[in-house]
$ cat entry.pdb   # PDB, C-alpha atoms
ATOM      1  CA  MET A   1      62.570   6.514  66.655  1.00  0.00           C
ATOM      2  CA  GLY A   2      59.821   7.704  64.308  1.00  0.00           C
ATOM      3  CA  LEU A   3      59.970   9.319  60.877  1.00  0.00           C
ATOM      4  CA  LEU A   4      63.625   9.317  59.852  1.00  0.00           C
ATOM      5  CA  LEU A   5      63.232  10.748  56.365  1.00  0.00           C
ATOM      6  CA  LYS A   6      60.575  12.494  54.311  1.00  0.00           C
ATOM      7  CA  LYS A   7      61.252  13.313  50.671  1.00  0.00           C
ATOM      8  CA  ASN A   8      58.961  15.438  48.508  1.00  0.00           C
ATOM      9  CA  MET A   9      59.176  15.035  44.749  1.00  0.00           C
ATOM     10  CA  THR A  10      57.256  16.534  41.844  1.00  0.00           C
ATOM     11  CA  LYS A  11      54.775  13.681  41.487  1.00  0.00           C
ATOM     12  CA  ALA A  12      55.208  11.734  44.715  1.00  0.00           C
ATOM     13  CA  CYS A  13      56.517  11.791  48.273  1.00  0.00           C
ATOM     14  CA  LEU A  14      58.014   9.107  50.491  1.00  0.00           C
ATOM     15  CA  GLY A  15      58.785   8.485  54.110  1.00  0.00           C
ATOM     16  CA  VAL A  16      61.153   6.179  55.999  1.00  0.00           C
ATOM     17  CA  TRP A  17      60.437   5.147  59.582  1.00  0.00           C
ATOM     18  CA  GLU A  18      63.191   3.774  61.812  1.00  0.00           C
ATOM     19  CA  VAL A  19      61.428   1.153  63.899  1.00  0.00           C
ATOM     20  CA  THR A  20      62.769   1.103  67.441  1.00  0.00           C
ATOM     21  CA  GLU A  21      59.393   0.933  69.219  1.00  0.00           C
ATOM     22  CA  SER A  22      57.481  -2.159  70.318  1.00  0.00           C
ATOM     23  CA  PRO A  23      54.169  -3.079  68.646  1.00  0.00           C
ATOM     24  CA  GLU A  24      52.400  -1.957  71.810  1.00  0.00           C
ATOM     25  CA  GLU A  25      54.030   1.474  71.643  1.00  0.00           C
ATOM     26  CA  LEU A  26      53.304   1.894  67.941  1.00  0.00           C
ATOM     27  CA  ILE A  27      49.662   0.868  68.048  1.00  0.00           C
ATOM     28  CA  GLN A  28      48.956   3.519  70.675  1.00  0.00           C
ATOM     29  CA  GLN A  29      49.834   6.175  68.080  1.00  0.00           C
ATOM     30  CA  VAL A  30      47.367   5.189  65.352  1.00  0.00           C
ATOM     31  CA  SER A  31      43.622   4.669  64.928  1.00  0.00           C
ATOM     32  CA  LEU A  32      42.933   1.597  62.804  1.00  0.00           C
ATOM     33  CA  SER A  33      39.778   0.791  60.871  1.00  0.00           C
ATOM     34  CA  SER A  34      37.975  -2.466  61.692  1.00  0.00           C
ATOM     35  CA  GLY A  35      39.459  -4.045  58.564  1.00  0.00           C
ATOM     36  CA  GLU A  36      42.949  -2.935  59.531  1.00  0.00           C
ATOM     37  CA  GLN A  37      42.507  -4.271  63.065  1.00  0.00           C
ATOM     38  CA  GLU A  38      41.522  -7.653  61.657  1.00  0.00           C
ATOM     39  CA  PHE A  39      44.517  -7.647  59.297  1.00  0.00           C
ATOM     40  CA  TYR A  40      46.872  -6.595  62.085  1.00  0.00           C
ATOM     41  CA  GLN A  41      45.744  -9.419  64.357  1.00  0.00           C
ATOM     42  CA  GLN A  42      46.598 -11.934  61.638  1.00  0.00           C
ATOM     43  CA  LEU A  43      50.233 -10.816  61.406  1.00  0.00           C
ATOM     44  CA  SER A  44      52.342 -13.596  62.832  1.00  0.00           C
ATOM     45  CA  THR A  45      55.451 -11.972  64.334  1.00  0.00           C
ATOM     46  CA  PRO A  46      56.200  -8.870  66.426  1.00  0.00           C
ATOM     47  CA  LEU A  47      58.611  -7.629  63.734  1.00  0.00           C
ATOM     48  CA  ARG A  48      55.989  -7.928  60.996  1.00  0.00           C
ATOM     49  CA  LYS A  49      53.515  -6.080  63.225  1.00  0.00           C
ATOM     50  CA  LYS A  50      56.022  -3.298  63.846  1.00  0.00           C
ATOM     51  CA  HIS A  51      56.740  -2.864  60.148  1.00  0.00           C
ATOM     52  CA  TRP A  52      53.058  -2.739  59.281  1.00  0.00           C
ATOM     53  CA  LEU A  53      52.243  -0.217  62.003  1.00  0.00           C
ATOM     54  CA  ALA A  54      55.158   1.899  60.803  1.00  0.00           C
ATOM     55  CA  TYR A  55      53.587   2.040  57.312  1.00  0.00           C
ATOM     56  CA  ARG A  56      50.377   3.211  58.886  1.00  0.00           C
ATOM     57  CA  LEU A  57      52.196   5.898  60.871  1.00  0.00           C
ATOM     58  CA  ILE A  58      54.065   7.160  57.802  1.00  0.00           C
ATOM     59  CA  LEU A  59      50.808   7.555  55.872  1.00  0.00           C
ATOM     60  CA  PRO A  60      49.511  10.796  57.516  1.00  0.00           C
ATOM     61  CA  HIS A  61      52.831  12.486  56.699  1.00  0.00           C
ATOM     62  CA  LEU A  62      52.347  11.814  52.983  1.00  0.00           C
ATOM     63  CA  LEU A  63      48.641  12.103  52.232  1.00  0.00           C
ATOM     64  CA  GLU A  64      47.269  15.243  50.609  1.00  0.00           C
ATOM     65  CA  VAL A  65      43.668  14.278  51.298  1.00  0.00           C
ATOM     66  CA  LYS A  66      42.215  14.109  54.808  1.00  0.00           C
ATOM     67  CA  PRO A  67      40.919  12.234  56.748  1.00  0.00           C
ATOM     68  CA  VAL A  68      43.629   9.601  56.586  1.00  0.00           C
ATOM     69  CA  SER A  69      42.578   6.502  54.697  1.00  0.00           C
ATOM     70  CA  GLY A  70      42.946   2.969  55.907  1.00  0.00           C
ATOM     71  CA  ILE A  71      45.087   0.444  54.035  1.00  0.00           C
ATOM     72  CA  SER A  72      43.809  -2.766  52.473  1.00  0.00           C
ATOM     73  CA  TYR A  73      45.150  -5.152  49.823  1.00  0.00           C
ATOM     74  CA  ASP A  74      44.006  -6.210  46.375  1.00  0.00           C
ATOM     75  CA  SER A  75      43.842  -9.813  45.144  1.00  0.00           C
ATOM     76  CA  TYR A  76      47.560  -9.715  44.255  1.00  0.00           C
ATOM     77  CA  GLY A  77      48.593  -8.468  47.679  1.00  0.00           C
ATOM     78  CA  LYS A  78      49.247  -4.902  46.511  1.00  0.00           C
ATOM     79  CA  PRO A  79      48.447  -2.291  49.185  1.00  0.00           C
ATOM     80  CA  VAL A  80      45.716   0.205  48.307  1.00  0.00           C
ATOM     81  CA  LEU A  81      44.097   3.133  50.087  1.00  0.00           C
ATOM     82  CA  ASP A  82      40.530   2.404  51.158  1.00  0.00           C
ATOM     83  CA  ASN A  83      39.286   5.829  50.079  1.00  0.00           C
ATOM     84  CA  GLY A  84      41.026   5.695  46.683  1.00  0.00           C
ATOM     85  CA  ALA A  85      42.884   8.939  47.371  1.00  0.00           C
ATOM     86  CA  GLY A  86      46.003   7.998  45.429  1.00  0.00           C
ATOM     87  CA  HIS A  87      48.530   5.182  45.097  1.00  0.00           C
ATOM     88  CA  ILE A  88      50.990   3.718  47.588  1.00  0.00           C
ATOM     89  CA  SER A  89      53.777   1.176  47.737  1.00  0.00           C
ATOM     90  CA  VAL A  90      55.486  -0.115  50.884  1.00  0.00           C
ATOM     91  CA  ALA A  91      58.627  -2.006  51.857  1.00  0.00           C
ATOM     92  CA  HIS A  92      60.495  -3.056  54.970  1.00  0.00           C
ATOM     93  CA  SER A  93      63.844  -4.514  55.955  1.00  0.00           C
ATOM     94  CA  GLY A  94      65.376  -4.864  59.381  1.00  0.00           C
ATOM     95  CA  ARG A  95      64.822  -1.721  61.397  1.00  0.00           C
ATOM     96  CA  PHE A  96      63.322   0.320  58.541  1.00  0.00           C
ATOM     97  CA  ALA A  97      59.882   0.587  56.986  1.00  0.00           C
ATOM     98  CA  THR A  98      59.113   2.844  54.047  1.00  0.00           C
ATOM     99  CA  MET A  99      56.188   4.065  51.961  1.00  0.00           C
ATOM    100  CA  ILE A 100      55.826   6.093  48.763  1.00  0.00           C
ATOM    101  CA  TYR A 101      52.618   7.903  47.816  1.00  0.00           C
ATOM    102  CA  SER A 102      51.340   9.663  44.705  1.00  0.00           C
ATOM    103  CA  ARG A 103      47.930  11.208  44.171  1.00  0.00           C
ATOM    104  CA  TYR A 104      47.707  10.375  40.467  1.00  0.00           C
ATOM    105  CA  HIS A 105      50.580   8.065  39.522  1.00  0.00           C
ATOM    106  CA  GLN A 106      51.502   4.434  40.166  1.00  0.00           C
ATOM    107  CA  VAL A 107      54.537   4.039  42.428  1.00  0.00           C
ATOM    108  CA  GLY A 108      56.967   1.374  43.599  1.00  0.00           C
ATOM    109  CA  ILE A 109      59.532   1.181  46.403  1.00  0.00           C
ATOM    110  CA  ASP A 110      61.928  -1.240  48.052  1.00  0.00           C
ATOM    111  CA  ILE A 111      64.498  -1.152  50.844  1.00  0.00           C
ATOM    112  CA  GLU A 112      67.030  -3.860  51.639  1.00  0.00           C
ATOM    113  CA  ALA A 113      70.027  -4.379  53.876  1.00  0.00           C
ATOM    114  CA  ILE A 114      73.207  -4.547  51.787  1.00  0.00           C
ATOM    115  CA  GLN A 115      74.519  -8.055  52.506  1.00  0.00           C
ATOM    116  CA  PRO A 116      77.001 -10.353  50.684  1.00  0.00           C
ATOM    117  CA  LYS A 117      74.465 -13.213  50.609  1.00  0.00           C
ATOM    118  CA  ILE A 118      72.877 -11.511  47.572  1.00  0.00           C
ATOM    119  CA  ILE A 119      75.795 -12.850  45.495  1.00  0.00           C
ATOM    120  CA  LYS A 120      74.567 -16.425  45.961  1.00  0.00           C
ATOM    121  CA  LEU A 121      71.083 -15.564  44.701  1.00  0.00           C
ATOM    122  CA  VAL A 122      71.894 -13.932  41.359  1.00  0.00           C
ATOM    123  CA  HIS A 123      70.551 -16.782  39.221  1.00  0.00           C
ATOM    124  CA  LYS A 124      67.132 -16.310  40.798  1.00  0.00           C
ATOM    125  CA  PHE A 125      66.643 -12.722  39.674  1.00  0.00           C
ATOM    126  CA  LEU A 126      69.165 -11.800  36.951  1.00  0.00           C
ATOM    127  CA  SER A 127      68.435 -12.372  33.272  1.00  0.00           C
ATOM    128  CA  PRO A 128      71.099 -14.069  31.094  1.00  0.00           C
ATOM    129  CA  ALA A 129      72.113 -10.624  29.796  1.00  0.00           C
ATOM    130  CA  GLU A 130      72.416  -9.201  33.308  1.00  0.00           C
ATOM    131  CA  LEU A 131      74.563 -12.152  34.392  1.00  0.00           C
ATOM    132  CA  GLU A 132      77.164 -10.849  31.934  1.00  0.00           C
ATOM    133  CA  TYR A 133      77.430  -7.492  33.719  1.00  0.00           C
ATOM    134  CA  LYS A 134      80.806  -6.833  35.329  1.00  0.00           C
ATOM    135  CA  PHE A 135      81.090  -4.919  38.584  1.00  0.00           C
ATOM    136  CA  PRO A 136      84.801  -4.573  39.381  1.00  0.00           C
ATOM    137  CA  ALA A 137      83.877  -2.419  42.382  1.00  0.00           C
ATOM    138  CA  HIS A 138      80.856  -2.449  44.706  1.00  0.00           C
ATOM    139  CA  LEU A 139      79.678  -5.912  43.630  1.00  0.00           C
ATOM    140  CA  THR A 140      77.394  -6.488  46.616  1.00  0.00           C
ATOM    141  CA  GLU A 141      75.898  -3.002  46.400  1.00  0.00           C
ATOM    142  CA  SER A 142      75.341  -3.292  42.644  1.00  0.00           C
ATOM    143  CA  LEU A 143      73.568  -6.641  42.892  1.00  0.00           C
ATOM    144  CA  CYS A 144      71.452  -5.355  45.772  1.00  0.00           C
ATOM    145  CA  LEU A 145      70.534  -2.340  43.645  1.00  0.00           C
ATOM    146  CA  ILE A 146      69.338  -4.584  40.805  1.00  0.00           C
ATOM    147  CA  TRP A 147      67.281  -6.661  43.238  1.00  0.00           C
ATOM    148  CA  CYS A 148      65.708  -3.579  44.859  1.00  0.00           C
ATOM    149  CA  ALA A 149      64.995  -1.998  41.486  1.00  0.00           C
ATOM    150  CA  LYS A 150      63.240  -5.131  40.266  1.00  0.00           C
ATOM    151  CA  GLU A 151      61.258  -5.341  43.491  1.00  0.00           C
ATOM    152  CA  ALA A 152      60.133  -1.730  43.068  1.00  0.00           C
ATOM    153  CA  LEU A 153      59.089  -2.367  39.458  1.00  0.00           C
ATOM    154  CA  TYR A 154      57.310  -5.563  40.467  1.00  0.00           C
ATOM    155  CA  LYS A 155      55.384  -3.741  43.178  1.00  0.00           C
ATOM    156  CA  MET A 156      54.375  -0.899  40.893  1.00  0.00           C
ATOM    157  CA  TYR A 157      52.896  -3.334  38.379  1.00  0.00           C
ATOM    158  CA  GLY A 158      51.205  -5.364  41.094  1.00  0.00           C
ATOM    159  CA  GLY A 159      53.050  -8.624  40.469  1.00  0.00           C
ATOM    160  CA  ARG A 160      50.670  -9.787  37.757  1.00  0.00           C
ATOM    161  CA  GLY A 161      52.480 -12.672  36.086  1.00  0.00           C
ATOM    162  CA  ILE A 162      55.906 -11.042  36.355  1.00  0.00           C
ATOM    163  CA  VAL A 163      59.052 -13.182  36.663  1.00  0.00           C
ATOM    164  CA  PHE A 164      62.142 -11.250  37.762  1.00  0.00           C
ATOM    165  CA  SER A 165      64.584 -12.945  35.377  1.00  0.00           C
ATOM    166  CA  ASP A 166      62.217 -12.932  32.386  1.00  0.00           C
ATOM    167  CA  HIS A 167      60.127  -9.759  32.479  1.00  0.00           C
ATOM    168  CA  LEU A 168      62.266  -7.243  34.395  1.00  0.00           C
ATOM    169  CA  HIS A 169      65.491  -5.758  33.064  1.00  0.00           C
ATOM    170  CA  ILE A 170      67.915  -3.225  34.548  1.00  0.00           C
ATOM    171  CA  ASP A 171      70.229  -1.380  32.170  1.00  0.00           C
ATOM    172  CA  ARG A 172      73.976  -1.276  32.806  1.00  0.00           C
ATOM    173  CA  PHE A 173      75.038   1.223  35.454  1.00  0.00           C
ATOM    174  CA  TYR A 174      77.906   2.270  37.704  1.00  0.00           C
ATOM    175  CA  TYR A 175      77.049   2.221  41.401  1.00  0.00           C
ATOM    176  CA  GLU A 176      77.626   5.599  43.079  1.00  0.00           C
ATOM    177  CA  GLY A 177      75.762   5.281  46.368  1.00  0.00           C
ATOM    178  CA  THR A 178      73.001   7.595  45.213  1.00  0.00           C
ATOM    179  CA  GLY A 179      71.593   8.494  41.817  1.00  0.00           C
ATOM    180  CA  HIS A 180      69.327   6.917  39.251  1.00  0.00           C
ATOM    181  CA  ILE A 181      69.226   3.928  36.902  1.00  0.00           C
ATOM    182  CA  THR A 182      66.904   2.831  34.126  1.00  0.00           C
ATOM    183  CA  GLY A 183      64.943  -0.381  33.862  1.00  0.00           C
ATOM    184  CA  SER A 184      62.075  -1.900  31.970  1.00  0.00           C
ATOM    185  CA  VAL A 185      59.142  -4.261  32.285  1.00  0.00           C
ATOM    186  CA  THR A 186      58.084  -6.496  29.396  1.00  0.00           C
ATOM    187  CA  ARG A 187      54.413  -7.487  29.378  1.00  0.00           C
ATOM    188  CA  ASP A 188      52.223  -8.849  26.599  1.00  0.00           C
ATOM    189  CA  GLY A 189      54.999  -8.319  24.090  1.00  0.00           C
ATOM    190  CA  LYS A 190      55.445  -4.634  24.992  1.00  0.00           C
ATOM    191  CA  LYS A 191      58.377  -3.019  26.772  1.00  0.00           C
ATOM    192  CA  TYR A 192      57.824  -0.228  29.297  1.00  0.00           C
ATOM    193  CA  SER A 193      60.865   1.783  30.389  1.00  0.00           C
ATOM    194  CA  HIS A 194      61.232   3.525  33.744  1.00  0.00           C
ATOM    195  CA  ARG A 195      63.686   5.705  35.627  1.00  0.00           C
ATOM    196  CA  LEU A 196      64.427   4.585  39.194  1.00  0.00           C
ATOM    197  CA  HIS A 197      66.070   6.607  41.946  1.00  0.00           C
ATOM    198  CA  TYR A 198      68.269   5.118  44.650  1.00  0.00           C
ATOM    199  CA  GLU A 199      70.131   6.178  47.765  1.00  0.00           C
ATOM    200  CA  THR A 200      71.838   4.555  50.726  1.00  0.00           C
ATOM    201  CA  ILE A 201      70.651   4.915  54.304  1.00  0.00           C
ATOM    202  CA  GLU A 202      73.510   3.664  56.476  1.00  0.00           C
ATOM    203  CA  ASP A 203      73.946   0.036  55.322  1.00  0.00           C
ATOM    204  CA  TYR A 204      70.578  -0.150  53.560  1.00  0.00           C
ATOM    205  CA  LEU A 205      69.625   0.592  49.966  1.00  0.00           C
ATOM    206  CA  LEU A 206      66.419   2.453  49.101  1.00  0.00           C
ATOM    207  CA  VAL A 207      65.014   2.392  45.541  1.00  0.00           C
ATOM    208  CA  TYR A 208      61.817   4.030  44.327  1.00  0.00           C
ATOM    209  CA  LEU A 209      59.996   5.172  41.192  1.00  0.00           C
ATOM    210  CA  CYS A 210      56.893   7.058  40.164  1.00  0.00           C
ATOM    211  CA  GLU A 211      55.205   6.211  36.867  1.00  0.00           C
TER     212      GLU A 211
END
$ encode --input "entry.pdb" --output "structure tokens"
Amino acid sequence: MGLLLKKNMTKACLGVWEVTESPEELIQQVSLSSGEQEFYQQLSTPLRKKHWLAYRLILPHLLEVKPVSGISYDSYGKPVLDNGAGHISVAHSGRFATMIYSRYHQVGIDIEAIQPKIIKLVHKFLSPAELEYKFPAHLTESLCLIWCAKEALYKMYGGRGIVFSDHLHIDRFYYEGTGHITGSVTRDGKKYSHRLHYETIEDYLLVYLCE
């Protein structure tokens, strides 16, 4: 399918790729560095390979600096550009892969299929205060939004000692299908607040933020 969505913002831009191609079709469209080729060969499933190649194909649509950089990972598994030409975050779910890029600011992104099974997992990612939230309508969507928002925050901070139910908090909100919410990260006794944007793509939820 290719690039389904590209969104330009003041400090960042993002792309969403609908993955309908095979790994063999995707890899013909991109030139990988030796490090990327080694990483790609270690990916264990065709789906994981397709998602990763989709990230790599989104990248040229977002970068301001040419030539296109390769992607590697830091010690926490956070993706970084080899040439240091900005910051990226990536996510995948089902038939979609997505990436957000900013030249000067840290970013985070997540995409998830909206599924009722999220209801059974709330104790793994909600804080005691968040467990008290009431969602008389759009329960599944609201819980998925909290999960995606926490994932995006986690990715922006690089996952350094962050526990979803302890260090990440999402303020009360009313789910509207698209819009923004506010959340915070608590680290070393300090609280950092952030504004997160969200929108639905068919039966998927996309959440992203730029520092």
$ resolve_selection --input "entry.pdb" --expression "the PyMOL selection byres ((chain A and resi 193) around 8)" --output "list in words"
Thr182, Gly183, Ser184, Val185, Lys191, Tyr192, His194 and Arg195 of chain A
$ atom_distance --input "entry.pdb" --atom1 "CA of Trp17 (chain A)" --atom2 "CA of Tyr55 (chain A)"
7.9 Å
$ resolve_selection --input "entry.pdb" --expression "the PyMOL selection byres ((chain A and resi 173-176) around 10)" --output "PyMOL selection string"
chain A and resi 133-139+141-143+145-146+170-172+177-182+198-200
$ write_last_selection --input "entry.pdb" --atoms "C-alpha atoms" --output "JSON list (two decimals), in the coordinates of the input"
[["chain", "number", "residue", "atom", "x", "y", "z"],
["A", 133, "TYR", "CA", 77.43, -7.49, 33.72],
["A", 134, "LYS", "CA", 80.81, -6.83, 35.33],
["A", 135, "PHE", "CA", 81.09, -4.92, 38.58],
["A", 136, "PRO", "CA", 84.80, -4.57, 39.38],
["A", 137, "ALA", "CA", 83.88, -2.42, 42.38],
["A", 138, "HIS", "CA", 80.86, -2.45, 44.71],
["A", 139, "LEU", "CA", 79.68, -5.91, 43.63],
["A", 141, "GLU", "CA", 75.90, -3.00, 46.40],
["A", 142, "SER", "CA", 75.34, -3.29, 42.64],
["A", 143, "LEU", "CA", 73.57, -6.64, 42.89],
["A", 145, "LEU", "CA", 70.53, -2.34, 43.64],
["A", 146, "ILE", "CA", 69.34, -4.58, 40.80],
["A", 170, "ILE", "CA", 67.92, -3.22, 34.55],
["A", 171, "ASP", "CA", 70.23, -1.38, 32.17],
["A", 172, "ARG", "CA", 73.98, -1.28, 32.81],
["A", 177, "GLY", "CA", 75.76, 5.28, 46.37],
["A", 178, "THR", "CA", 73.00, 7.60, 45.21],
["A", 179, "GLY", "CA", 71.59, 8.49, 41.82],
["A", 180, "HIS", "CA", 69.33, 6.92, 39.25],
["A", 181, "ILE", "CA", 69.23, 3.93, 36.90],
["A", 182, "THR", "CA", 66.90, 2.83, 34.13],
["A", 198, "TYR", "CA", 68.27, 5.12, 44.65],
["A", 199, "GLU", "CA", 70.13, 6.18, 47.76],
["A", 200, "THR", "CA", 71.84, 4.56, 50.73]]
$ closest_residue --input "entry.pdb" --among "A:Lys155, A:Lys50, A:His61, A:Lys190" --to "Leu3 (chain A)" --atoms "all atoms listed in the file"
A:His61
$ closest_residue --input "entry.pdb" --among "A:Asn83, A:Leu43, A:Ala97, A:Ala54" --to "Pro67 (chain A)" --atoms "all atoms listed in the file"
A:Asn83
$ closest_residue --input "entry.pdb" --among "A:Ile118, A:Leu131, A:Ile58, A:Cys13" --to "Arg103 (chain A)" --atoms "only C-alpha atoms"
A:Cys13
$ resolve_selection --input "entry.pdb" --expression "the PyMOL selection byres ((chain A and resi 19-35) around 9)" --output "ChimeraX atom specification"
/A:1-3,17-18,36-40,46-47,49-51,53-54,56-57,69-72,94-97
$ axis_aligned_box --input "entry.pdb" --around "region 8-23 of chain A" --padding-each-side "6 Å" --output "JSON"
{"center_x": 58.7, "center_y": 6.7, "center_z": 55.9, "size_x": 21.0, "size_y": 31.6, "size_z": 40.8}
$ closest_residue --input "entry.pdb" --among "A:Leu168, A:Thr186, A:Ile109, A:Gly158" --to "Tyr73 (chain A)" --atoms "only C-alpha atoms"
A:Gly158
$ atom_distance --input "entry.pdb" --atom1 "CA of Gly77 (chain A)" --atom2 "CA of Tyr157 (chain A)"
11.5 Å
$ atom_distance --input "entry.pdb" --atom1 "CA of Arg187 (chain A)" --atom2 "CA of Gly159 (chain A)"
11.2 Å
$ residues_around --input "entry.pdb" --residues "Trp147 (chain A)" --least-positions-apart "4" --cutoff "12 Å" --atoms "all atoms listed in the file" --output "mmCIF file with C-alpha atoms, in the frame of the given file"
data_model
loop_
_atom_site.group_PDB
_atom_site.id
_atom_site.type_symbol
_atom_site.label_atom_id
_atom_site.label_comp_id
_atom_site.auth_asym_id
_atom_site.auth_seq_id
_atom_site.Cartn_x
_atom_site.Cartn_y
_atom_site.Cartn_z
ATOM 1 C CA ILE A 109 59.532 1.181 46.403
ATOM 2 C CA ASP A 110 61.928 -1.240 48.052
ATOM 3 C CA ILE A 111 64.498 -1.152 50.844
ATOM 4 C CA GLU A 112 67.030 -3.860 51.639
ATOM 5 C CA ALA A 113 70.027 -4.379 53.876
ATOM 6 C CA ILE A 114 73.207 -4.547 51.787
ATOM 7 C CA GLN A 115 74.519 -8.055 52.506
ATOM 8 C CA ILE A 118 72.877 -11.511 47.572
ATOM 9 C CA ILE A 119 75.795 -12.850 45.495
ATOM 10 C CA LEU A 121 71.083 -15.564 44.701
ATOM 11 C CA VAL A 122 71.894 -13.932 41.359
ATOM 12 C CA HIS A 123 70.551 -16.782 39.221
ATOM 13 C CA LYS A 124 67.132 -16.310 40.798
ATOM 14 C CA PHE A 125 66.643 -12.722 39.674
ATOM 15 C CA LEU A 126 69.165 -11.800 36.951
ATOM 16 C CA SER A 127 68.435 -12.372 33.272
ATOM 17 C CA GLU A 130 72.416 -9.201 33.308
ATOM 18 C CA THR A 140 77.394 -6.488 46.616
ATOM 19 C CA GLU A 141 75.898 -3.002 46.400
ATOM 20 C CA SER A 142 75.341 -3.292 42.644
ATOM 21 C CA LEU A 143 73.568 -6.641 42.892
ATOM 22 C CA GLU A 151 61.258 -5.341 43.491
ATOM 23 C CA ALA A 152 60.133 -1.730 43.068
ATOM 24 C CA LEU A 153 59.089 -2.367 39.458
ATOM 25 C CA TYR A 154 57.310 -5.563 40.467
ATOM 26 C CA PHE A 164 62.142 -11.250 37.762
ATOM 27 C CA SER A 165 64.584 -12.945 35.377
ATOM 28 C CA LEU A 168 62.266 -7.243 34.395
ATOM 29 C CA HIS A 169 65.491 -5.758 33.064
ATOM 30 C CA ILE A 170 67.915 -3.225 34.548
ATOM 31 C CA GLY A 183 64.943 -0.381 33.862
ATOM 32 C CA TYR A 198 68.269 5.118 44.650
ATOM 33 C CA LEU A 205 69.625 0.592 49.966
ATOM 34 C CA LEU A 206 66.419 2.453 49.101
ATOM 35 C CA VAL A 207 65.014 2.392 45.541
#
